[in-house]
>>> print(open('upload_26.txt').read())   # compact mmCIF, C-alpha atoms
# COMPACT_ATOMS: atom_id res chain seq x y z
CA MET A 1 -97.90 -235.82 -54.82
CA GLN A 2 -95.58 -238.82 -54.70
CA GLU A 3 -92.82 -239.11 -52.11
CA ARG A 4 -90.27 -239.22 -54.95
CA ASP A 5 -91.51 -235.86 -56.26
CA ILE A 6 -91.41 -234.31 -52.80
CA VAL A 7 -87.83 -235.47 -52.14
CA ASN A 8 -86.66 -234.29 -55.57
CA ASP A 9 -88.42 -230.94 -55.15
CA ILE A 10 -86.80 -230.36 -51.75
CA LEU A 11 -83.42 -231.39 -53.17
CA GLY A 12 -83.80 -228.88 -55.99
CA GLY A 13 -84.81 -226.12 -53.58
CA THR A 14 -81.92 -226.91 -51.27
CA LYS A 15 -79.43 -226.80 -54.14
CA ALA A 16 -80.81 -223.42 -55.19
CA SER A 17 -80.53 -222.05 -51.65
CA ILE A 18 -76.91 -223.25 -51.41
CA ASN A 19 -76.13 -221.36 -54.62
CA CYS A 20 -77.82 -218.23 -53.26
CA TYR A 21 -75.92 -218.45 -49.97
CA THR A 22 -72.65 -218.86 -51.89
CA THR A 23 -73.33 -215.79 -54.02
CA ALA A 24 -74.31 -213.74 -50.96
CA ILE A 25 -71.13 -214.83 -49.13
CA GLN A 26 -68.96 -213.79 -52.07
CA GLU A 27 -70.55 -210.35 -52.14
CA CYS A 28 -70.72 -209.75 -48.38
CA SER A 29 -68.32 -207.34 -46.69
CA ASN A 30 -69.83 -207.55 -43.17
CA GLN A 31 -67.89 -210.32 -41.40
CA GLN A 32 -70.68 -211.16 -38.94
CA LEU A 33 -73.26 -211.49 -41.72
CA ARG A 34 -70.77 -213.44 -43.83
CA SER A 35 -70.20 -215.88 -40.97
CA THR A 36 -73.95 -216.33 -40.47
CA LEU A 37 -74.44 -216.99 -44.19
CA GLN A 38 -71.60 -219.53 -44.14
CA THR A 39 -73.26 -221.35 -41.23
CA LEU A 40 -76.59 -221.40 -43.05
CA ARG A 41 -74.92 -222.66 -46.24
CA ASN A 42 -73.12 -225.41 -44.31
CA GLU A 43 -76.40 -226.52 -42.71
CA ALA A 44 -78.11 -226.51 -46.11
CA GLU A 45 -75.28 -228.62 -47.54
CA GLN A 46 -75.66 -231.14 -44.71
CA MET A 47 -79.41 -231.32 -45.31
CA GLN A 48 -78.88 -231.69 -49.06
CA TYR A 49 -76.51 -234.61 -48.49
CA GLN A 50 -78.94 -236.34 -46.12
CA LEU A 51 -81.73 -235.93 -48.67
CA TYR A 52 -79.45 -237.20 -51.41
CA GLN A 53 -78.72 -240.33 -49.34
CA ILE A 54 -82.45 -240.93 -48.82
CA ALA A 55 -83.15 -240.42 -52.53
CA GLU A 56 -80.35 -242.79 -53.51
CA GLN A 57 -81.43 -245.49 -51.02
CA LYS A 58 -85.01 -245.37 -52.28
CA GLY A 59 -83.93 -245.43 -55.92
CA TYR A 60 -85.16 -241.88 -56.61
CA TYR A 61 -81.71 -240.75 -57.70
CA THR A 62 -78.96 -242.56 -59.54
CA PRO A 63 -75.56 -240.88 -59.34
CA ALA A 64 -73.35 -240.59 -62.39
CA PRO A 65 -70.85 -243.40 -62.79
CA THR A 66 -67.39 -242.87 -61.34
CA ALA A 67 -65.01 -241.24 -63.79
CA LYS A 68 -62.06 -243.29 -65.01
CA SER A 69 -58.55 -242.13 -64.04
CA ASN A 70 -57.62 -241.68 -67.69
CA ASP A 71 -60.63 -239.39 -68.28
CA ILE A 72 -59.79 -237.34 -65.17
CA ASN A 73 -56.15 -236.94 -66.22
CA GLN A 74 -57.15 -235.95 -69.75
CA LEU A 75 -59.54 -233.30 -68.39
CA LYS A 76 -56.85 -231.99 -66.01
CA THR A 77 -54.41 -231.68 -68.90
CA THR A 78 -56.96 -229.86 -71.05
CA LEU A 79 -57.93 -227.44 -68.28
CA THR A 80 -54.31 -226.80 -67.30
CA SER A 81 -53.46 -226.02 -70.92
CA ALA A 82 -56.43 -223.66 -71.18
CA VAL A 83 -55.46 -221.86 -67.95
CA ASN A 84 -51.84 -221.60 -69.04
CA SER A 85 -52.74 -220.25 -72.47
CA THR A 86 -55.10 -217.71 -70.86
CA SER A 87 -52.37 -216.65 -68.42
CA SER A 88 -49.88 -216.26 -71.24
CA GLY A 89 -52.34 -214.16 -73.22
CA ASN A 90 -52.96 -211.87 -70.24
CA GLN A 91 -49.22 -211.29 -69.73
CA MET A 92 -48.84 -210.08 -73.30
CA GLN A 93 -51.41 -207.30 -72.89
>>> encode(input="upload_26.txt", output="structure tokens")
Amino acid sequence: MQERDIVNDILGGTKASINCYTTAIQECSNQQLRSTLQTLRNEAEQMQYQLYQIAEQKGYYTPAPTAKSNDINQLKTTLTSAVNSTSSGNQMQ
């Protein structure tokens, strides 16, 4: 197995574990367990970022280009309109 494959596989597994931790945190009512899960998620996020940096430095991962301000503002406007129209529809019911 190539180093690139190993790094990408670990990145994928780490992302999946972060998602699982997040779901468990959202559904957890025990504060002590919730806190432990948050710590584990934070550690997994730090590891994921370190792996991402390694992958990027070695050319295993190319991030998406930076979004243009105009594109960001257009998306904000669209999402705000969608949220506002959903809120208005809920008030009518």
>>> atom_distance(input="upload_26.txt", atom1="atom CA of A:Asn8", atom2="atom CA of A:Ala24")
24.4 Å
>>> residues_near_point(input="upload_26.txt", point="(-83.0, -230.5, -54.8)", cutoff="12 Å", atoms="all atoms listed in the file", output="MDAnalysis selection string")
chainID A and resid 4:19 44:45 47:52 55 60:61
>>> axis_aligned_box(input="upload_26.txt", around="stretch 32-47 of chain A", padding_each_side="5 Å", output="JSON")
{"center_x": -74.8, "center_y": -221.2, "center_z": -43.2, "size_x": 19.2, "size_y": 30.2, "size_z": 18.6}
>>> atom_distance(input="upload_26.txt", atom1="atom CA of A:Leu37", atom2="atom CA of A:Ile54")
25.7 Å
